[in-house]
$ cat model20.txt   # compact mmCIF, C-alpha atoms
# COMPACT_ATOMS: atom_id res chain seq x y z
CA MET A 950 117.06 -25.45 103.67
CA ALA A 951 117.94 -29.11 103.22
CA ALA A 952 115.07 -31.56 103.61
CA PRO A 953 115.06 -32.82 107.22
CA ARG A 954 115.31 -36.46 106.14
CA PHE A 955 118.28 -35.65 103.91
CA ALA A 956 120.00 -33.60 106.64
CA GLU A 957 119.54 -36.41 109.15
CA GLN A 958 121.11 -38.96 106.79
CA LEU A 959 123.90 -36.55 105.81
CA ASN A 960 124.83 -36.33 109.50
CA VAL A 961 125.06 -40.13 109.52
CA GLN A 962 127.25 -39.94 106.42
CA ILE A 963 129.58 -37.47 108.15
CA GLY A 964 130.22 -40.25 110.66
CA ASN A 965 130.78 -42.73 107.83
CA GLU A 966 133.34 -40.40 106.25
CA LEU A 967 135.13 -39.88 109.56
CA SER A 968 135.13 -43.63 110.11
CA ALA A 969 136.70 -44.05 106.66
CA HIS A 970 139.29 -41.43 107.67
CA ASN A 971 140.23 -43.48 110.73
CA GLN A 972 140.33 -46.71 108.74
CA TYR A 973 142.66 -45.21 106.17
CA LEU A 974 144.90 -43.96 108.98
CA ALA A 975 145.11 -47.52 110.28
CA CYS A 976 145.99 -48.75 106.78
CA ALA A 977 148.67 -46.07 106.44
CA ILE A 978 150.18 -46.98 109.79
CA HIS A 979 150.27 -50.65 108.78
CA TYR A 980 152.25 -49.80 105.65
CA ASP A 981 154.46 -47.36 107.54
CA ALA A 982 155.35 -50.14 109.99
CA LEU A 983 156.28 -52.37 107.03
CA THR A 984 158.57 -49.61 105.69
CA MET A 985 156.43 -49.13 102.60
CA PRO A 986 156.53 -45.32 102.41
CA GLN A 987 154.64 -44.99 99.11
CA MET A 988 151.70 -47.08 100.30
CA ALA A 989 151.75 -45.30 103.65
CA ALA A 990 151.70 -41.89 101.96
CA PHE A 991 148.88 -43.00 99.66
CA PHE A 992 146.71 -44.07 102.60
CA TYR A 993 147.58 -41.01 104.69
CA ALA A 994 146.41 -38.91 101.73
CA GLN A 995 143.25 -41.03 101.43
CA ALA A 996 142.57 -40.43 105.12
CA LEU A 997 142.79 -36.67 104.63
CA GLU A 998 140.50 -36.91 101.62
CA GLU A 999 137.85 -38.73 103.66
CA ARG A 1000 138.08 -36.09 106.37
CA ALA A 1001 137.68 -33.43 103.69
CA HIS A 1002 134.52 -35.15 102.46
CA ALA A 1003 133.10 -35.04 105.99
CA MET A 1004 133.94 -31.35 106.25
CA MET A 1005 132.26 -30.64 102.89
CA MET A 1006 129.12 -32.23 104.29
CA VAL A 1007 129.40 -30.21 107.49
CA GLN A 1008 129.69 -27.00 105.44
CA TYR A 1009 126.66 -27.92 103.35
CA LEU A 1010 124.57 -28.46 106.46
CA LEU A 1011 125.77 -25.15 107.87
CA ASP A 1012 125.03 -23.39 104.58
CA THR A 1013 121.49 -24.77 104.54
CA ASP A 1014 120.76 -23.93 108.19
CA ALA A 1015 120.48 -27.60 109.08
CA GLU A 1016 121.68 -29.02 112.38
CA VAL A 1017 125.12 -30.63 112.39
CA ALA A 1018 125.46 -33.58 114.75
CA ILE A 1019 128.80 -35.38 114.55
CA PRO A 1020 128.14 -39.05 115.33
CA SER A 1021 130.49 -41.42 117.11
CA VAL A 1022 132.47 -43.86 115.00
CA GLU A 1023 133.62 -47.41 115.57
CA ALA A 1024 137.29 -48.20 115.98
CA PRO A 1025 139.01 -49.13 112.72
CA VAL A 1026 140.57 -52.47 111.92
CA ASN A 1027 144.18 -52.12 113.06
CA GLN A 1028 145.65 -55.55 112.40
CA PHE A 1029 146.19 -56.90 108.90
CA ALA A 1030 147.45 -60.31 107.84
CA ASP A 1031 149.54 -59.09 104.92
CA VAL A 1032 150.01 -56.28 102.38
CA VAL A 1033 146.84 -57.22 100.49
CA ALA A 1034 144.33 -57.07 103.36
CA PRO A 1035 144.25 -53.26 103.82
CA VAL A 1036 143.58 -52.69 100.13
CA GLU A 1037 140.85 -55.34 100.10
CA LEU A 1038 139.27 -53.61 103.09
CA ALA A 1039 139.63 -50.21 101.40
CA LEU A 1040 137.90 -51.42 98.23
CA GLU A 1041 135.00 -52.85 100.22
CA GLN A 1042 134.79 -49.58 102.15
CA GLU A 1043 134.64 -47.54 98.94
CA LYS A 1044 131.91 -49.78 97.55
CA ARG A 1045 129.94 -49.33 100.78
CA VAL A 1046 130.40 -45.54 100.66
CA THR A 1047 129.20 -45.57 97.04
CA GLU A 1048 125.97 -47.25 98.19
CA GLN A 1049 125.63 -44.69 100.99
CA VAL A 1050 126.15 -41.76 98.61
CA ASN A 1051 123.63 -43.23 96.17
CA GLY A 1052 121.18 -43.55 99.07
CA LEU A 1053 121.63 -39.88 99.93
CA LEU A 1054 120.95 -38.90 96.34
CA ARG A 1055 117.83 -41.08 96.36
CA ILE A 1056 116.57 -39.36 99.52
CA ALA A 1057 117.19 -35.92 98.02
CA ARG A 1058 115.17 -36.89 94.94
CA GLU A 1059 112.34 -38.40 96.97
CA GLU A 1060 112.16 -35.20 99.05
CA PHE A 1061 112.34 -32.96 95.95
CA ASP A 1062 115.40 -31.37 97.56
CA PHE A 1063 117.07 -30.18 94.38
CA ALA A 1064 119.92 -28.31 96.07
CA SER A 1065 120.90 -31.42 98.02
CA GLU A 1066 120.63 -33.53 94.88
CA GLN A 1067 123.00 -31.16 93.12
CA PHE A 1068 125.37 -31.22 96.12
CA MET A 1069 125.56 -35.02 95.95
CA GLN A 1070 126.51 -35.06 92.26
CA TRP A 1071 130.16 -34.32 93.05
CA PHE A 1072 130.28 -37.24 95.49
CA ILE A 1073 128.83 -39.59 92.87
CA LYS A 1074 131.69 -38.70 90.51
CA GLU A 1075 134.21 -38.98 93.33
CA GLN A 1076 133.06 -42.48 94.26
CA VAL A 1077 133.48 -43.72 90.69
CA GLU A 1078 137.11 -42.55 90.87
CA GLU A 1079 137.66 -44.01 94.35
CA VAL A 1080 136.37 -47.48 93.47
CA ALA A 1081 138.40 -47.52 90.25
CA THR A 1082 141.58 -46.45 92.08
CA MET A 1083 141.19 -49.10 94.80
CA SER A 1084 140.29 -51.80 92.25
CA ASP A 1085 143.44 -51.07 90.26
CA LEU A 1086 145.57 -50.93 93.40
CA LEU A 1087 144.18 -54.24 94.62
CA ALA A 1088 145.01 -55.90 91.29
CA VAL A 1089 148.58 -54.63 91.49
CA VAL A 1090 149.04 -55.60 95.14
CA LYS A 1091 147.69 -59.11 94.56
CA ARG A 1092 149.89 -59.57 91.50
CA ASN A 1093 152.98 -58.36 93.37
CA VAL A 1094 152.27 -59.69 96.87
CA ASP A 1095 155.79 -61.14 97.06
CA ASP A 1096 157.49 -58.04 95.65
CA VAL A 1097 156.66 -54.97 97.70
CA GLU A 1098 159.16 -52.92 95.73
CA ASP A 1099 156.99 -53.32 92.62
CA ILE A 1100 153.97 -52.21 94.64
CA GLU A 1101 155.86 -49.18 95.90
CA GLU A 1102 157.04 -48.35 92.39
CA TYR A 1103 153.49 -48.55 91.03
CA VAL A 1104 152.14 -46.23 93.72
CA ALA A 1105 155.00 -43.76 93.21
CA ARG A 1106 154.36 -43.75 89.47
CA GLU A 1107 150.57 -43.92 89.25
CA GLN A 1108 149.15 -42.35 92.38
CA LYS A 1109 150.42 -38.82 92.13
CA GLY A 1110 148.26 -36.15 93.71
CA GLU A 1111 145.88 -34.54 91.26
CA GLY A 1112 145.71 -31.19 92.99
CA ALA A 1113 142.59 -29.43 94.17
CA ASP A 1114 139.36 -30.05 92.28
CA PRO A 1115 137.82 -26.64 91.58
CA THR A 1116 134.36 -28.25 91.35
CA ALA A 1117 134.58 -29.75 94.86
CA PRO A 1118 132.21 -28.44 97.52
CA ARG A 1119 133.64 -26.07 100.11
CA GLU A 1120 135.02 -27.59 103.34
CA ALA A 1121 134.08 -26.28 106.76
CA GLY A 1122 137.08 -24.67 108.39
CA ALA A 1123 139.04 -24.38 105.15

$ encode --input "model20.txt" --output "C-alpha cells"
Amino acid sequence: MAAPRFAEQLNVQIGNELSAHNQYLACAIHYDALTMPQMAAFFYAQALEERAHAMMMVQYLLDTDAEVAIPSVEAPVNQFADVVAPVELALEQEKRVTEQVNGLLRIAREEFDFASEQFMQWFIKEQVEEVATMSDLLAVVKRNVDDVEDIEEYVAREQKGEGADPTAPREAGA
C-alpha cells in the first residue's frame, strides 16, 4: 500500500496533470485558430500525454489500494497575445510540474515508501524530456516569431511522435 501522505499528494498531482491537460488543449486551440496545424497537433498531443500521466497515477493508486479522489481544476488560460505566449506558459508549467514530481519523490523517500519512489522514477525522466522539448520549442518560436511557417516546419520535422514507451506505468482504463 502507498504511504497515506504520498497517496494524498498523488491525488493532488492527478489534478495538476488534468489541469495541464486542459491548458495544453487551450494552447492547441489557439494555434488551430491561427491556422498553425503543426503547433496545434503538437499541443493536442501534449494534452493527451498529460491526461495519460494522470491516468497512470490513478492506476497506481488503484493498484496500491489507495483512495482515488479526482480534484477540481482551475480554468486554463485561453487568451494569448501572440504565438510565443502559449509556449512560454507551457515551459513554466513543465518546470512547475517538475518541482511537483520531485516533491512526490521526496515524500516517498521520507515515508520509506519504496514502491512509490520507484513509480516516480519514470516521471522524473519524463520531466527532463518535457522541459528540454519546451525549452527548444520556445527558442525556435522566439527566433521565428515573424515567420510562422518556419515554426511549423520545425515542429513537423522535429516533434514526431516517439511511439509508446514500454517502461511507462500502466494507465487506468487503457

$ residues_around --input "model20.txt" --residues "Ile1073 (chain A)" --least-positions-apart "3" --cutoff "8 Å" --atoms "only C-alpha atoms" --output "list in words"
Thr1047, Val1050, Asn1051, Met1069, Gln1070, Gln1076 and Val1077 of chain A

$ closest_residue --input "model20.txt" --among "A:Asp981, A:Glu966, A:Glu1043, A:Asp1099" --to "Ile1019 (chain A)" --atoms "only C-alpha atoms"
A:Glu966

$ residues_near_point --input "model20.txt" --point "(143.6, -51.4, 102.5)" --cutoff "12 Å" --atoms "all atoms listed in the file" --output "number ranges by chain"
A: 969, 971-980, 988-989, 991-993, 995-996, 1025-1043, 1082-1084, 1086-1087, 1090-1091

$ atom_distance --input "model20.txt" --atom1 "CA of Ala1123 (chain A)" --atom2 "CA of Glu1066 (chain A)"
23.0 Å

$ residues_around --input "model20.txt" --residues "region 1009-1011 of chain A" --least-positions-apart "2" --cutoff "12 Å" --atoms "all atoms listed in the file" --output "PDB file with C-alpha atoms, keeping the file's coordinate frame"
ATOM      1  CA  MET A 950     117.060 -25.450 103.670  1.00  0.00           C
ATOM      2  CA  ALA A 951     117.940 -29.110 103.220  1.00  0.00           C
ATOM      3  CA  ALA A 952     115.070 -31.560 103.610  1.00  0.00           C
ATOM      4  CA  PRO A 953     115.060 -32.820 107.220  1.00  0.00           C
ATOM      5  CA  PHE A 955     118.280 -35.650 103.910  1.00  0.00           C
ATOM      6  CA  ALA A 956     120.000 -33.600 106.640  1.00  0.00           C
ATOM      7  CA  GLU A 957     119.540 -36.410 109.150  1.00  0.00           C
ATOM      8  CA  GLN A 958     121.110 -38.960 106.790  1.00  0.00           C
ATOM      9  CA  LEU A 959     123.900 -36.550 105.810  1.00  0.00           C
ATOM     10  CA  ASN A 960     124.830 -36.330 109.500  1.00  0.00           C
ATOM     11  CA  GLN A 962     127.250 -39.940 106.420  1.00  0.00           C
ATOM     12  CA  ILE A 963     129.580 -37.470 108.150  1.00  0.00           C
ATOM     13  CA  HIS A1002     134.520 -35.150 102.460  1.00  0.00           C
ATOM     14  CA  ALA A1003     133.100 -35.040 105.990  1.00  0.00           C
ATOM     15  CA  MET A1004     133.940 -31.350 106.250  1.00  0.00           C
ATOM     16  CA  MET A1005     132.260 -30.640 102.890  1.00  0.00           C
ATOM     17  CA  MET A1006     129.120 -32.230 104.290  1.00  0.00           C
ATOM     18  CA  VAL A1007     129.400 -30.210 107.490  1.00  0.00           C
ATOM     19  CA  THR A1013     121.490 -24.770 104.540  1.00  0.00           C
ATOM     20  CA  ASP A1014     120.760 -23.930 108.190  1.00  0.00           C
ATOM     21  CA  ALA A1015     120.480 -27.600 109.080  1.00  0.00           C
ATOM     22  CA  GLU A1016     121.680 -29.020 112.380  1.00  0.00           C
ATOM     23  CA  VAL A1017     125.120 -30.630 112.390  1.00  0.00           C
ATOM     24  CA  ALA A1018     125.460 -33.580 114.750  1.00  0.00           C
ATOM     25  CA  ILE A1019     128.800 -35.380 114.550  1.00  0.00           C
ATOM     26  CA  ALA A1064     119.920 -28.310  96.070  1.00  0.00           C
ATOM     27  CA  SER A1065     120.900 -31.420  98.020  1.00  0.00           C
ATOM     28  CA  GLU A1066     120.630 -33.530  94.880  1.00  0.00           C
ATOM     29  CA  GLN A1067     123.000 -31.160  93.120  1.00  0.00           C
ATOM     30  CA  PHE A1068     125.370 -31.220  96.120  1.00  0.00           C
ATOM     31  CA  MET A1069     125.560 -35.020  95.950  1.00  0.00           C
ATOM     32  CA  ALA A1117     134.580 -29.750  94.860  1.00  0.00           C
ATOM     33  CA  PRO A1118     132.210 -28.440  97.520  1.00  0.00           C
ATOM     34  CA  ARG A1119     133.640 -26.070 100.110  1.00  0.00           C
ATOM     35  CA  GLU A1120     135.020 -27.590 103.340  1.00  0.00           C
ATOM     36  CA  ALA A1121     134.080 -26.280 106.760  1.00  0.00           C
ATOM     37  CA  GLY A1122     137.080 -24.670 108.390  1.00  0.00           C
TER      38      GLY A1122
END

$ closest_residue --input "model20.txt" --among "A:Val1094, A:Ile1100, A:Val1080, A:Ala1088" --to "Met985 (chain A)" --atoms "only C-alpha atoms"
A:Ile1100
